[in-house]
file coords06.csv (CSV, C-alpha atoms)
chain,number,residue,atom,x,y,z
X,1,MET,CA,7.9,76.5,4.3
X,2,LYS,CA,8.0,73.2,2.4
X,3,LYS,CA,10.0,74.8,-0.4
X,4,LYS,CA,12.5,76.1,2.1
X,5,LEU,CA,12.9,72.7,3.8
X,6,PHE,CA,13.4,71.2,0.3
X,7,PHE,CA,16.6,73.2,0.1
X,8,ILE,CA,17.6,73.4,3.7
X,9,ILE,CA,17.6,69.7,4.5
X,10,PRO,CA,19.9,68.7,1.6
X,11,ALA,CA,22.2,71.6,2.3
X,12,ALA,CA,22.4,70.6,6.0
X,13,ILE,CA,23.2,67.1,5.0
X,14,ILE,CA,25.9,68.2,2.6
X,15,GLY,CA,27.3,70.6,5.2
X,16,ALA,CA,27.4,67.9,7.8
X,17,VAL,CA,29.3,65.5,5.5
X,18,ILE,CA,31.8,68.2,4.6
X,19,LEU,CA,32.3,69.2,8.3
X,20,PHE,CA,32.8,65.5,9.2
X,21,ALA,CA,35.4,65.1,6.4
X,22,VAL,CA,37.3,68.2,7.5
X,23,LEU,CA,37.3,67.1,11.2
X,24,PHE,CA,38.4,63.6,10.2
X,25,ILE,CA,41.3,64.9,8.2
X,26,LEU,CA,42.3,67.2,11.0
X,27,VAL,CA,42.2,64.3,13.5
X,28,LEU,CA,44.4,62.2,11.2
X,29,THR,CA,46.8,65.1,10.8
X,30,VAL,CA,47.1,65.5,14.6
X,31,ILE,CA,47.7,61.8,15.2
X,32,GLU,CA,49.7,61.1,12.0
X,33,TYR,CA,52.5,58.6,12.4
X,34,ARG,CA,55.7,60.7,12.2
X,35,PRO,CA,58.7,58.5,12.7
X,36,LYS,CA,62.1,60.0,13.2
X,37,ALA,CA,64.9,59.6,10.6
X,38,VAL,CA,66.6,57.0,12.8
X,39,GLU,CA,64.9,55.1,15.6
X,40,ASP,CA,66.4,52.4,17.9
X,41,LEU,CA,64.1,49.4,18.1
X,42,ASN,CA,63.4,46.8,20.7
X,43,PHE,CA,64.9,43.5,19.7
X,44,THR,CA,65.9,40.1,21.1
X,45,SER,CA,69.3,38.5,20.4
X,46,GLY,CA,70.3,35.0,19.7
X,47,LYS,CA,73.3,33.3,21.2
X,48,ILE,CA,75.0,31.8,18.1
X,49,GLN,CA,78.2,33.5,16.9
X,50,LEU,CA,78.5,34.2,13.2
X,51,GLU,CA,81.8,32.8,12.0
X,52,LYS,CA,83.5,34.1,8.9
X,53,GLY,CA,83.8,31.5,6.2
X,54,ARG,CA,80.8,29.4,7.1
X,55,ASN,CA,77.8,28.8,4.8
X,56,VAL,CA,74.9,31.0,5.9
X,57,SER,CA,71.3,30.8,4.6
X,58,LEU,CA,68.8,33.7,4.3
X,59,LEU,CA,65.2,33.5,3.3
X,60,SER,CA,63.2,36.6,2.3
X,61,TRP,CA,59.5,36.7,1.8
X,62,ASN,CA,56.8,39.3,1.3
X,63,ILE,CA,54.0,37.3,3.0
X,64,GLY,CA,51.3,39.8,2.0
X,65,TYR,CA,50.1,40.0,5.6
X,66,ALA,CA,48.6,36.5,5.2
X,67,GLY,CA,45.8,38.2,3.3
X,68,LEU,CA,46.8,37.8,-0.4
X,69,GLY,CA,46.7,34.1,-0.9
X,70,LYS,CA,45.4,32.3,-4.0
X,71,ASP,CA,41.7,33.1,-3.5
X,72,GLU,CA,42.3,36.9,-3.2
X,73,ASP,CA,42.5,39.9,-5.5
X,74,PHE,CA,43.4,43.4,-4.4
X,75,PHE,CA,41.7,46.7,-5.3
X,76,MET,CA,45.0,48.6,-5.8
X,77,ASP,CA,46.1,46.1,-8.4
X,78,GLY,CA,42.9,46.1,-10.5
X,79,GLY,CA,40.9,43.7,-8.3
X,80,LYS,CA,37.9,44.5,-6.0
X,81,LYS,CA,38.7,43.1,-2.5
X,82,VAL,CA,40.1,45.0,0.5
X,83,ARG,CA,40.8,42.0,2.7
X,84,PRO,CA,40.0,38.3,2.9
X,85,ASP,CA,36.4,37.3,3.8
X,86,SER,CA,37.1,35.8,7.2
X,87,LYS,CA,39.6,35.4,10.0
X,88,LYS,CA,39.6,31.7,9.2
X,89,THR,CA,40.9,32.5,5.7
X,90,VAL,CA,43.8,34.6,7.1
X,91,GLU,CA,44.6,31.8,9.6
X,92,LYS,CA,44.7,29.3,6.8
X,93,TYR,CA,47.1,31.4,4.7
X,94,PHE,CA,49.3,32.1,7.8
X,95,ASP,CA,49.4,28.4,8.7
X,96,GLY,CA,50.6,27.8,5.2
X,97,ILE,CA,53.3,30.5,5.5
X,98,LYS,CA,54.6,29.1,8.7
X,99,LYS,CA,54.7,25.6,7.3
X,100,THR,CA,56.7,26.8,4.3
X,101,ILE,CA,59.2,28.5,6.6
X,102,ARG,CA,59.5,25.4,8.8
X,103,GLU,CA,60.1,23.2,5.7
X,104,ASN,CA,62.9,25.6,4.5
X,105,PRO,CA,64.9,26.2,7.7
X,106,THR,CA,67.4,29.1,7.4
X,107,ASP,CA,69.8,31.0,9.6
X,108,ILE,CA,68.2,34.4,8.9
X,109,ILE,CA,64.7,35.4,7.8
X,110,PHE,CA,63.6,38.7,6.2
X,111,ILE,CA,59.8,39.3,6.2
X,112,GLN,CA,57.9,42.1,4.5
X,113,GLU,CA,54.2,43.0,5.0
X,114,ILE,CA,53.8,41.3,8.4
X,115,ASP,CA,50.8,42.7,10.4
X,116,VAL,CA,50.8,43.1,14.2
X,117,LYS,CA,47.5,44.8,14.8
X,118,SER,CA,45.3,45.4,11.7
X,119,LYS,CA,41.7,45.3,10.9
X,120,ARG,CA,42.4,43.5,7.6
X,121,THR,CA,44.0,40.5,9.5
X,122,TRP,CA,41.6,40.5,12.5
X,123,ARG,CA,44.3,42.0,14.7
X,124,ILE,CA,46.5,38.8,14.7
X,125,ASN,CA,50.0,39.6,15.9
X,126,GLU,CA,51.8,37.8,13.1
X,127,PHE,CA,55.3,38.9,14.2
X,128,GLU,CA,55.0,37.4,17.6
X,129,ALA,CA,53.4,34.3,16.2
X,130,LEU,CA,56.1,33.8,13.6
X,131,LYS,CA,58.8,34.5,16.1
X,132,ALA,CA,57.4,31.8,18.4
X,133,ASP,CA,56.9,29.3,15.5
X,134,THR,CA,60.5,29.7,14.3
X,135,GLN,CA,61.9,29.9,17.8
X,136,LYS,CA,64.2,32.7,16.6
X,137,ALA,CA,65.1,36.1,18.1
X,138,GLY,CA,64.1,39.1,16.1
X,139,SER,CA,63.0,42.7,15.5
X,140,PHE,CA,60.1,44.5,13.9
X,141,ALA,CA,59.8,48.0,12.3
X,142,TYR,CA,56.7,49.8,11.1
X,143,ASN,CA,56.3,50.3,7.4
X,144,TYR,CA,52.6,51.2,7.7
X,145,LYS,CA,50.9,52.6,10.8
X,146,CYS,CA,47.6,54.5,10.6
X,147,ALA,CA,44.7,54.8,13.0
X,148,TYR,CA,42.2,54.6,10.3
X,149,VAL,CA,42.6,54.3,6.5
X,150,PRO,CA,39.3,55.7,5.1
X,151,PHE,CA,39.3,54.1,1.7
X,152,PRO,CA,38.0,52.2,-0.3
X,153,LEU,CA,34.6,50.9,0.7
X,154,PRO,CA,34.6,48.8,2.8
X,155,THR,CA,37.5,50.7,4.3
X,156,ILE,CA,40.9,49.3,5.2
X,157,GLY,CA,40.5,50.7,8.7
X,158,HIS,CA,43.2,50.5,11.4
X,159,VAL,CA,46.6,49.3,10.1
X,160,GLU,CA,49.9,48.3,11.9
X,161,SER,CA,52.2,46.5,9.6
X,162,GLY,CA,55.9,46.3,8.7
X,163,LEU,CA,59.2,44.4,8.4
X,164,SER,CA,60.8,41.8,10.6
X,165,ILE,CA,64.2,40.1,10.8
X,166,LEU,CA,64.4,36.8,12.6
X,167,THR,CA,67.7,35.0,13.5
X,168,ASN,CA,69.4,33.1,16.3
X,169,TYR,CA,72.7,34.8,15.6
X,170,GLU,CA,74.0,37.2,18.3
X,171,THR,CA,72.6,40.7,17.4
X,172,THR,CA,73.8,44.0,18.9
X,173,SER,CA,71.2,46.4,17.5
X,174,ALA,CA,68.1,47.0,15.4
X,175,GLN,CA,67.1,50.3,13.9
X,176,ARG,CA,64.4,51.8,11.9
X,177,LEU,CA,65.8,54.1,9.1
X,178,SER,CA,63.1,56.2,7.4
X,179,LEU,CA,63.0,56.3,3.6
X,180,PRO,CA,61.7,59.2,1.6
X,181,VAL,CA,57.9,59.5,1.5
X,182,PRO,CA,56.6,60.4,-2.0
X,183,PHE,CA,53.1,61.4,-1.0
X,184,LYS,CA,51.9,64.8,0.0
X,185,TRP,CA,49.3,65.9,2.6
X,186,PRO,CA,46.5,64.8,2.9
X,187,VAL,CA,47.2,61.6,0.9
X,188,ARG,CA,50.3,61.0,3.1
X,189,LEU,CA,48.1,60.8,6.2
X,190,ALA,CA,46.8,57.3,5.5
X,191,ASN,CA,49.7,56.0,3.4
X,192,LEU,CA,52.8,54.0,4.0
X,193,LYS,CA,55.9,55.5,5.7
X,194,ARG,CA,58.5,53.1,4.4
X,195,CYS,CA,61.8,52.3,6.0
X,196,ILE,CA,64.9,50.0,6.2
X,197,LEU,CA,65.0,47.6,9.1
X,198,ALA,CA,68.7,47.5,9.8
X,199,SER,CA,70.1,44.8,12.1
X,200,ARG,CA,73.8,44.2,13.1
X,201,ILE,CA,75.4,40.9,13.8
X,202,PRO,CA,79.1,40.8,15.0
X,203,VAL,CA,81.4,38.7,12.9
X,204,TYR,CA,83.8,36.2,14.5
X,205,GLU,CA,86.9,34.3,13.3
X,206,ASP,CA,88.0,31.2,15.2
X,207,GLY,CA,85.9,32.3,18.1
X,208,LYS,CA,87.3,35.8,18.3
X,209,ALA,CA,85.5,39.0,17.5
X,210,THR,CA,86.9,40.6,14.3
X,211,GLY,CA,85.4,44.0,15.0
X,212,LYS,CA,83.4,43.8,11.8
X,213,GLU,CA,79.6,43.4,11.5
X,214,LEU,CA,77.2,41.8,9.1
X,215,VAL,CA,74.7,44.6,8.5
X,216,LEU,CA,71.3,43.3,7.4
X,217,ALA,CA,68.9,45.7,5.6
X,218,ASP,CA,65.3,44.5,5.2
X,219,PHE,CA,62.9,46.6,3.1
X,220,HIS,CA,59.8,46.9,1.0
X,221,LEU,CA,60.1,49.7,-1.5
X,222,GLU,CA,57.3,51.9,-2.9
X,223,ALA,CA,54.7,50.2,-5.0
X,224,PHE,CA,51.8,52.4,-6.1
X,225,ASP,CA,53.6,55.7,-6.9
X,226,ASN,CA,54.6,57.5,-10.1
X,227,GLY,CA,58.1,56.0,-10.0
X,228,GLU,CA,59.8,58.8,-8.2
X,229,GLY,CA,59.3,57.3,-4.8
X,230,LYS,CA,61.0,54.0,-5.8
X,231,ILE,CA,64.0,56.0,-7.3
X,232,ALA,CA,64.4,58.2,-4.1
X,233,GLN,CA,64.1,55.2,-1.8
X,234,THR,CA,66.6,53.1,-3.8
X,235,LYS,CA,69.0,56.0,-3.7
X,236,ALA,CA,68.7,56.3,0.1
X,237,LEU,CA,69.2,52.5,0.4
X,238,LYS,CA,72.4,52.7,-1.7
X,239,GLU,CA,73.7,55.5,0.4
X,240,PHE,CA,73.2,53.5,3.6
X,241,ILE,CA,74.8,50.3,2.3
X,242,ASP,CA,77.8,52.2,0.8
X,243,SER,CA,78.4,53.9,4.2
X,244,GLU,CA,78.4,50.6,6.0
X,245,TYR,CA,80.7,48.9,3.5
X,246,THR,CA,83.1,51.9,3.8
X,247,LYS,CA,83.3,51.1,7.6
X,248,GLY,CA,84.6,47.6,6.7
X,249,ASN,CA,81.3,45.8,7.3
X,250,TYR,CA,79.6,43.0,5.4
X,251,VAL,CA,76.3,44.2,3.9
X,252,ILE,CA,73.2,42.4,2.7
X,253,ALA,CA,70.2,44.4,1.6
X,254,GLY,CA,67.1,42.4,0.6
X,255,GLY,CA,63.4,42.2,0.3
X,256,ASP,CA,60.8,43.5,-2.1
X,257,PHE,CA,62.3,46.0,-4.5
X,258,ASN,CA,59.1,46.5,-6.5
X,259,GLN,CA,61.5,46.9,-9.5
X,260,ARG,CA,62.9,44.5,-12.1
X,261,PHE,CA,66.5,43.5,-11.8
X,262,PRO,CA,69.1,44.7,-14.4
X,263,GLY,CA,69.7,42.1,-17.1
X,264,SER,CA,66.5,40.1,-16.4
X,265,THR,CA,64.1,39.7,-19.3
X,266,ALA,CA,62.0,37.0,-17.7
X,267,PHE,CA,58.2,37.4,-17.5
X,268,PRO,CA,57.7,40.4,-19.7
X,269,ALA,CA,54.6,42.6,-19.4
X,270,LYS,CA,51.4,41.0,-20.5
X,271,TRP,CA,48.7,43.0,-18.7
X,272,LEU,CA,49.7,46.5,-19.8
X,273,ASP,CA,46.6,48.1,-18.1
X,274,GLY,CA,47.6,46.7,-14.7
X,275,TRP,CA,50.4,47.4,-12.2
X,276,LEU,CA,53.9,47.0,-13.5
X,277,PRO,CA,57.2,47.3,-11.5
X,278,GLY,CA,59.9,49.9,-12.0
X,279,GLN,CA,63.4,49.1,-13.3
X,280,LEU,CA,66.6,49.1,-11.3
X,281,ASP,CA,69.5,51.0,-12.8
X,282,ALA,CA,72.1,48.6,-14.1
X,283,ASP,CA,74.9,51.1,-13.1
X,284,MET,CA,73.7,51.9,-9.6
X,285,LEU,CA,76.1,49.6,-7.9
X,286,ASP,CA,79.8,50.2,-7.5
X,287,GLU,CA,82.4,47.7,-8.6
X,288,GLY,CA,82.2,44.4,-6.7
X,289,TRP,CA,78.7,44.8,-5.5
X,290,ALA,CA,76.1,42.4,-6.9
X,291,PHE,CA,72.3,42.0,-7.4
X,292,VAL,CA,71.4,38.5,-6.4
X,293,PHE,CA,68.1,37.1,-7.9
X,294,ASP,CA,66.7,34.0,-9.5
X,295,ASP,CA,64.5,34.7,-12.5
X,296,SER,CA,63.9,31.0,-13.5
X,297,LYS,CA,60.6,31.3,-11.6
X,298,PRO,CA,58.4,34.3,-10.7
X,299,THR,CA,58.6,35.9,-7.3
X,300,CYS,CA,55.3,37.9,-7.5
X,301,ARG,CA,52.0,37.5,-9.3
X,302,ALA,CA,49.4,40.2,-10.3
X,303,ASN,CA,46.4,40.6,-8.0
X,304,ALA,CA,43.9,41.8,-10.6
X,305,ARG,CA,41.9,38.6,-9.9
X,306,GLU,CA,42.1,35.5,-7.7
X,307,TYR,CA,44.7,32.9,-8.7
X,308,ASN,CA,42.6,29.7,-8.9
X,309,ASP,CA,41.3,30.0,-12.4
X,310,GLU,CA,42.2,28.5,-15.8
X,311,ASP,CA,44.6,31.3,-16.7
X,312,ALA,CA,46.8,30.5,-13.8
X,313,ARG,CA,47.0,26.8,-14.6
X,314,ALA,CA,47.8,27.6,-18.2
X,315,HIS,CA,50.5,30.1,-17.1
X,316,ASN,CA,48.7,32.9,-18.8
X,317,TRP,CA,49.3,35.3,-16.0
X,318,GLN,CA,51.2,38.5,-15.2
X,319,TYR,CA,54.3,37.5,-13.2
X,320,HIS,CA,57.2,39.5,-11.9
X,321,VAL,CA,60.7,39.0,-10.5
X,322,ILE,CA,61.1,41.8,-7.9
X,323,ASP,CA,62.4,40.0,-4.8
X,324,GLY,CA,66.1,39.5,-4.1
X,325,PHE,CA,69.2,40.9,-2.6
X,326,ILE,CA,72.2,43.2,-3.0
X,327,ILE,CA,75.5,41.9,-1.5
X,328,SER,CA,78.7,43.8,-0.8
X,329,PRO,CA,82.0,42.8,-2.5
X,330,ASN,CA,83.2,40.9,0.6
X,331,ILE,CA,80.3,38.4,0.4
X,332,GLN,CA,80.3,35.4,-1.8
X,333,LYS,CA,77.0,34.1,-3.1
X,334,VAL,CA,76.8,30.3,-2.9
X,335,SER,CA,73.3,29.8,-4.3
X,336,MET,CA,70.1,31.6,-4.9
X,337,ASN,CA,66.6,30.1,-5.5
X,338,VAL,CA,63.0,30.9,-5.7
X,339,ILE,CA,60.9,28.5,-3.5
X,340,ASP,CA,58.0,27.8,-5.8
X,341,GLU,CA,54.9,27.9,-3.6
X,342,ASP,CA,52.7,28.7,-6.6
X,343,PHE,CA,51.3,31.7,-4.7
X,344,GLN,CA,49.1,29.6,-2.5
X,345,ASN,CA,49.4,31.7,0.7
X,346,SER,CA,50.9,35.0,-0.6
X,347,ASP,CA,51.1,36.9,-3.8
X,348,HIS,CA,54.9,36.5,-3.5
X,349,ASN,CA,57.1,33.4,-3.5
X,350,PRO,CA,59.9,33.3,-0.9
X,351,VAL,CA,63.5,33.5,-2.1
X,352,LEU,CA,66.5,31.8,-0.5
X,353,MET,CA,70.2,32.7,-0.7
X,354,ASN,CA,73.2,30.9,0.7
X,355,PHE,CA,76.4,33.0,1.2
X,356,ILE,CA,79.8,33.1,2.8
X,357,LEU,CA,81.5,36.0,4.4
X,358,LYS,CA,84.9,36.2,2.7
call {"tool": "encode", "arguments": {"input": "coords06.csv", "output": "structure tokens"}}
result
Amino acid sequence: MKKKLFFIIPAAIIGAVILFAVLFILVLTVIEYRPKAVEDLNFTSGKIQLEKGRNVSLLSWNIGYAGLGKDEDFFMDGGKKVRPDSKKTVEKYFDGIKKTIRENPTDIIFIQEIDVKSKRTWRINEFEALKADTQKAGSFAYNYKCAYVPFPLPTIGHVESGLSILTNYETTSAQRLSLPVPFKWPVRLANLKRCILASRIPVYEDGKATGKELVLADFHLEAFDNGEGKIAQTKALKEFIDSEYTKGNYVIAGGDFNQRFPGSTAFPAKWLDGWLPGQLDADMLDEGWAFVFDDSKPTCRANAREYNDEDARAHNWQYHVIDGFIISPNIQKVSMNVIDEDFQNSDHNPVLMNFILK
């Protein structure tokens, strides 16, 4: 009898684990976030009219959900941590993020990786908090929504995160436009479902509506894929912005490309065994369109280890320039700068562009 139990008990335990795993995957499959190709979003509108010919400012920032400040590393980038050690740490980073945005006031704000109800950020609704702090109207779209992400250990858990656009300009619509998902079942179940957050602002001239719109496209393209996801999502982005320009609209697409910009050789690869960005095709844009970026300073740092060691102070670090914009031919860039926050509160620095609608 003892010999039988010696085999039966381990077999029962293994069987129970397998059964639990199968049931868990089935549950995730049933409740999987399945966004439509195009979804209308709730949004609030400002009251200021956007006049053609005036100088407009736009800040874009991947805030790393206020969980990737200077004292953090990240398991997907060669580090060990899944989330910050405490809610107090997240609040400290988020307070720093809000302070930077207040100190650099702009007409429009693009945010990537902003949490609204996630275990990793102690369920702080960062979108509503940032909207209140900036006193701007805005919209939010999910880039990541999963009831429970079962990896690594400790697990990521429940995630609700995405993109937001904040502005006090009059806004007529906000939509979530799904981007291609490179992951297959079952990996897809607990992975990101990326999108474009598209917002429309009517354009005026001398107080009269021109019938044209400034179409804003905020995004955060694929990071940890084999490269094909970035390419497919970039192609879909281009198709969207081309279609809007064909209608006669002004178009700005911006955010975290997770790809190097054509012509930029700044901050070459140092850590070849870590994460490295893709490369945008120099010929992808039609005549008159332009990439807008500043590579005098890095916009992103590697997360293989925390950022408060001697290597960081000696600039012996893996940096990237992957945050910026694409503008249509009827938009004139006035200036473009990286706001150097030395990655104190996020693994990205914010970027700020001034422009004029021709």
call {"tool": "closest_residue", "arguments": {"input": "coords06.csv", "among": "X:Ile339, X:Met284, X:Leu276, X:Ala198", "to": "X:Pro298", "atoms": "only C-alpha atoms"}}
result
X:Ile339
call {"tool": "atom_distance", "arguments": {"input": "coords06.csv", "atom1": "atom CA of X:Val251", "atom2": "atom CA of X:Asn62"}}
result
20.3 Å
call {"tool": "closest_residue", "arguments": {"input": "coords06.csv", "among": "X:Glu103, X:Asp281, X:Glu113, X:Asp40", "to": "X:Ile63", "atoms": "all atoms listed in the file"}}
result
X:Glu113
call {"tool": "closest_residue", "arguments": {"input": "coords06.csv", "among": "X:Asn42, X:Ser173, X:Asn249, X:Lys358", "to": "X:Gly211", "atoms": "only C-alpha atoms"}}
result
X:Asn249
call {"tool": "atom_distance", "arguments": {"input": "coords06.csv", "atom1": "atom CA of X:Ile109", "atom2": "atom CA of X:Lys88"}}
result
25.4 Å
call {"tool": "residues_near_point", "arguments": {"input": "coords06.csv", "point": "(69.5, 54.9, -1.5)", "cutoff": "12 Å", "atoms": "only C-alpha atoms", "output": "PDB file with C-alpha atoms, in the coordinates of the input"}}
result
ATOM      1  CA  LEU X 177      65.800  54.100   9.100  1.00  0.00           C
ATOM      2  CA  SER X 178      63.100  56.200   7.400  1.00  0.00           C
ATOM      3  CA  LEU X 179      63.000  56.300   3.600  1.00  0.00           C
ATOM      4  CA  PRO X 180      61.700  59.200   1.600  1.00  0.00           C
ATOM      5  CA  CYS X 195      61.800  52.300   6.000  1.00  0.00           C
ATOM      6  CA  ILE X 196      64.900  50.000   6.200  1.00  0.00           C
ATOM      7  CA  ALA X 217      68.900  45.700   5.600  1.00  0.00           C
ATOM      8  CA  PHE X 219      62.900  46.600   3.100  1.00  0.00           C
ATOM      9  CA  LEU X 221      60.100  49.700  -1.500  1.00  0.00           C
ATOM     10  CA  GLY X 229      59.300  57.300  -4.800  1.00  0.00           C
ATOM     11  CA  LYS X 230      61.000  54.000  -5.800  1.00  0.00           C
ATOM     12  CA  ILE X 231      64.000  56.000  -7.300  1.00  0.00           C
ATOM     13  CA  ALA X 232      64.400  58.200  -4.100  1.00  0.00           C
ATOM     14  CA  GLN X 233      64.100  55.200  -1.800  1.00  0.00           C
ATOM     15  CA  THR X 234      66.600  53.100  -3.800  1.00  0.00           C
ATOM     16  CA  LYS X 235      69.000  56.000  -3.700  1.00  0.00           C
ATOM     17  CA  ALA X 236      68.700  56.300   0.100  1.00  0.00           C
ATOM     18  CA  LEU X 237      69.200  52.500   0.400  1.00  0.00           C
ATOM     19  CA  LYS X 238      72.400  52.700  -1.700  1.00  0.00           C
ATOM     20  CA  GLU X 239      73.700  55.500   0.400  1.00  0.00           C
ATOM     21  CA  PHE X 240      73.200  53.500   3.600  1.00  0.00           C
ATOM     22  CA  ILE X 241      74.800  50.300   2.300  1.00  0.00           C
ATOM     23  CA  ASP X 242      77.800  52.200   0.800  1.00  0.00           C
ATOM     24  CA  SER X 243      78.400  53.900   4.200  1.00  0.00           C
ATOM     25  CA  ALA X 253      70.200  44.400   1.600  1.00  0.00           C
ATOM     26  CA  PHE X 257      62.300  46.000  -4.500  1.00  0.00           C
ATOM     27  CA  LEU X 280      66.600  49.100 -11.300  1.00  0.00           C
ATOM     28  CA  ASP X 281      69.500  51.000 -12.800  1.00  0.00           C
ATOM     29  CA  MET X 284      73.700  51.900  -9.600  1.00  0.00           C
ATOM     30  CA  LEU X 285      76.100  49.600  -7.900  1.00  0.00           C
TER      31      LEU X 285
END
call {"tool": "atom_distance", "arguments": {"input": "coords06.csv", "atom1": "atom CA of X:Glu213", "atom2": "atom CA of X:Arg102"}}
result
27.1 Å
call {"tool": "closest_residue", "arguments": {"input": "coords06.csv", "among": "X:Ser328, X:Asn125, X:Thr29, X:Ser45", "to": "X:Tyr169", "atoms": "only C-alpha atoms"}}
result
X:Ser45
call {"tool": "residues_around", "arguments": {"input": "coords06.csv", "residues": "X:Val56", "least_positions_apart": "6", "cutoff": "12 Å", "atoms": "all atoms listed in the file", "output": "VMD selection string"}}
result
chain X and resid 49 to 50 105 to 109 167 to 169 214 252 331 to 336 352 to 358
call {"tool": "closest_residue", "arguments": {"input": "coords06.csv", "among": "X:Asn345, X:Asn226, X:Asn337, X:Gln175", "to": "X:Leu58", "atoms": "all atoms listed in the file"}}
result
X:Asn337
call {"tool": "closest_residue", "arguments": {"input": "coords06.csv", "among": "X:Ala209, X:Ala266, X:Ala282, X:Val181", "to": "X:Lys52", "atoms": "only C-alpha atoms"}}
result
X:Ala209
call {"tool": "decode", "arguments": {"input": "coords06.csv", "residues": "stretch 118-123 of chain X", "atoms": "all heavy atoms", "output": "PDB file, in the first residue's frame"}}
result
ATOM      1  N   SER X 118      -4.315  48.677 -12.019  1.00  0.00           N
ATOM      2  CA  SER X 118      -3.360  47.582 -12.157  1.00  0.00           C
ATOM      3  C   SER X 118      -2.753  47.213 -10.816  1.00  0.00           C
ATOM      4  O   SER X 118      -2.501  48.075  -9.976  1.00  0.00           O
ATOM      5  CB  SER X 118      -2.232  47.977 -13.127  1.00  0.00           C
ATOM      6  OG  SER X 118      -2.730  48.268 -14.415  1.00  0.00           O
ATOM      7  N   LYS X 119      -2.491  45.930 -10.641  1.00  0.00           N
ATOM      8  CA  LYS X 119      -1.830  45.447  -9.424  1.00  0.00           C
ATOM      9  C   LYS X 119      -0.456  46.091  -9.264  1.00  0.00           C
ATOM     10  O   LYS X 119      -0.072  46.471  -8.160  1.00  0.00           O
ATOM     11  CB  LYS X 119      -1.692  43.925  -9.497  1.00  0.00           C
ATOM     12  CG  LYS X 119      -0.887  43.315  -8.355  1.00  0.00           C
ATOM     13  CD  LYS X 119      -0.673  41.828  -8.567  1.00  0.00           C
ATOM     14  CE  LYS X 119       0.263  41.254  -7.506  1.00  0.00           C
ATOM     15  NZ  LYS X 119       0.536  39.811  -7.746  1.00  0.00           N
ATOM     16  N   ARG X 120       0.277  46.242 -10.377  1.00  0.00           N
ATOM     17  CA  ARG X 120       1.651  46.724 -10.306  1.00  0.00           C
ATOM     18  C   ARG X 120       1.752  48.160  -9.812  1.00  0.00           C
ATOM     19  O   ARG X 120       2.809  48.595  -9.365  1.00  0.00           O
ATOM     20  CB  ARG X 120       2.315  46.591 -11.674  1.00  0.00           C
ATOM     21  CG  ARG X 120       1.673  47.440 -12.772  1.00  0.00           C
ATOM     22  CD  ARG X 120       2.228  47.126 -14.141  1.00  0.00           C
ATOM     23  NE  ARG X 120       1.619  47.963 -15.167  1.00  0.00           N
ATOM     24  CZ  ARG X 120       1.871  47.841 -16.464  1.00  0.00           C
ATOM     25  NH1 ARG X 120       2.701  46.908 -16.902  1.00  0.00           N
ATOM     26  NH2 ARG X 120       1.290  48.656 -17.338  1.00  0.00           N
ATOM     27  N   THR X 121       0.656  48.922  -9.916  1.00  0.00           N
ATOM     28  CA  THR X 121       0.648  50.312  -9.441  1.00  0.00           C
ATOM     29  C   THR X 121      -0.415  50.520  -8.365  1.00  0.00           C
ATOM     30  O   THR X 121      -0.940  51.621  -8.203  1.00  0.00           O
ATOM     31  CB  THR X 121       0.429  51.284 -10.614  1.00  0.00           C
ATOM     32  OG1 THR X 121      -0.625  50.807 -11.451  1.00  0.00           O
ATOM     33  CG2 THR X 121       1.693  51.438 -11.444  1.00  0.00           C
ATOM     34  N   TRP X 122      -0.721  49.448  -7.649  1.00  0.00           N
ATOM     35  CA  TRP X 122      -1.635  49.521  -6.511  1.00  0.00           C
ATOM     36  C   TRP X 122      -2.971  50.173  -6.896  1.00  0.00           C
ATOM     37  O   TRP X 122      -3.558  50.913  -6.146  1.00  0.00           O
ATOM     38  CB  TRP X 122      -0.967  50.242  -5.344  1.00  0.00           C
ATOM     39  CG  TRP X 122      -0.041  49.332  -4.593  1.00  0.00           C
ATOM     40  CD1 TRP X 122      -0.337  48.608  -3.464  1.00  0.00           C
ATOM     41  CD2 TRP X 122       1.320  49.020  -4.906  1.00  0.00           C
ATOM     42  NE1 TRP X 122       0.755  47.860  -3.077  1.00  0.00           N
ATOM     43  CE2 TRP X 122       1.793  48.093  -3.939  1.00  0.00           C
ATOM     44  CE3 TRP X 122       2.191  49.416  -5.924  1.00  0.00           C
ATOM     45  CZ2 TRP X 122       3.074  47.584  -3.953  1.00  0.00           C
ATOM     46  CZ3 TRP X 122       3.466  48.892  -5.939  1.00  0.00           C
ATOM     47  CH2 TRP X 122       3.898  47.996  -4.969  1.00  0.00           C
ATOM     48  N   ARG X 123      -3.413  49.897  -8.125  1.00  0.00           N
ATOM     49  CA  ARG X 123      -4.735  50.293  -8.630  1.00  0.00           C
ATOM     50  C   ARG X 123      -4.974  51.807  -8.616  1.00  0.00           C
ATOM     51  O   ARG X 123      -6.115  52.276  -8.525  1.00  0.00           O
ATOM     52  CB  ARG X 123      -5.838  49.558  -7.856  1.00  0.00           C
ATOM     53  CG  ARG X 123      -5.661  48.042  -7.914  1.00  0.00           C
ATOM     54  CD  ARG X 123      -6.860  47.288  -7.421  1.00  0.00           C
ATOM     55  NE  ARG X 123      -6.592  45.846  -7.439  1.00  0.00           N
ATOM     56  CZ  ARG X 123      -6.652  45.055  -8.508  1.00  0.00           C
ATOM     57  NH1 ARG X 123      -6.998  45.581  -9.679  1.00  0.00           N
ATOM     58  NH2 ARG X 123      -6.389  43.777  -8.433  1.00  0.00           N
TER      59      ARG X 123
END
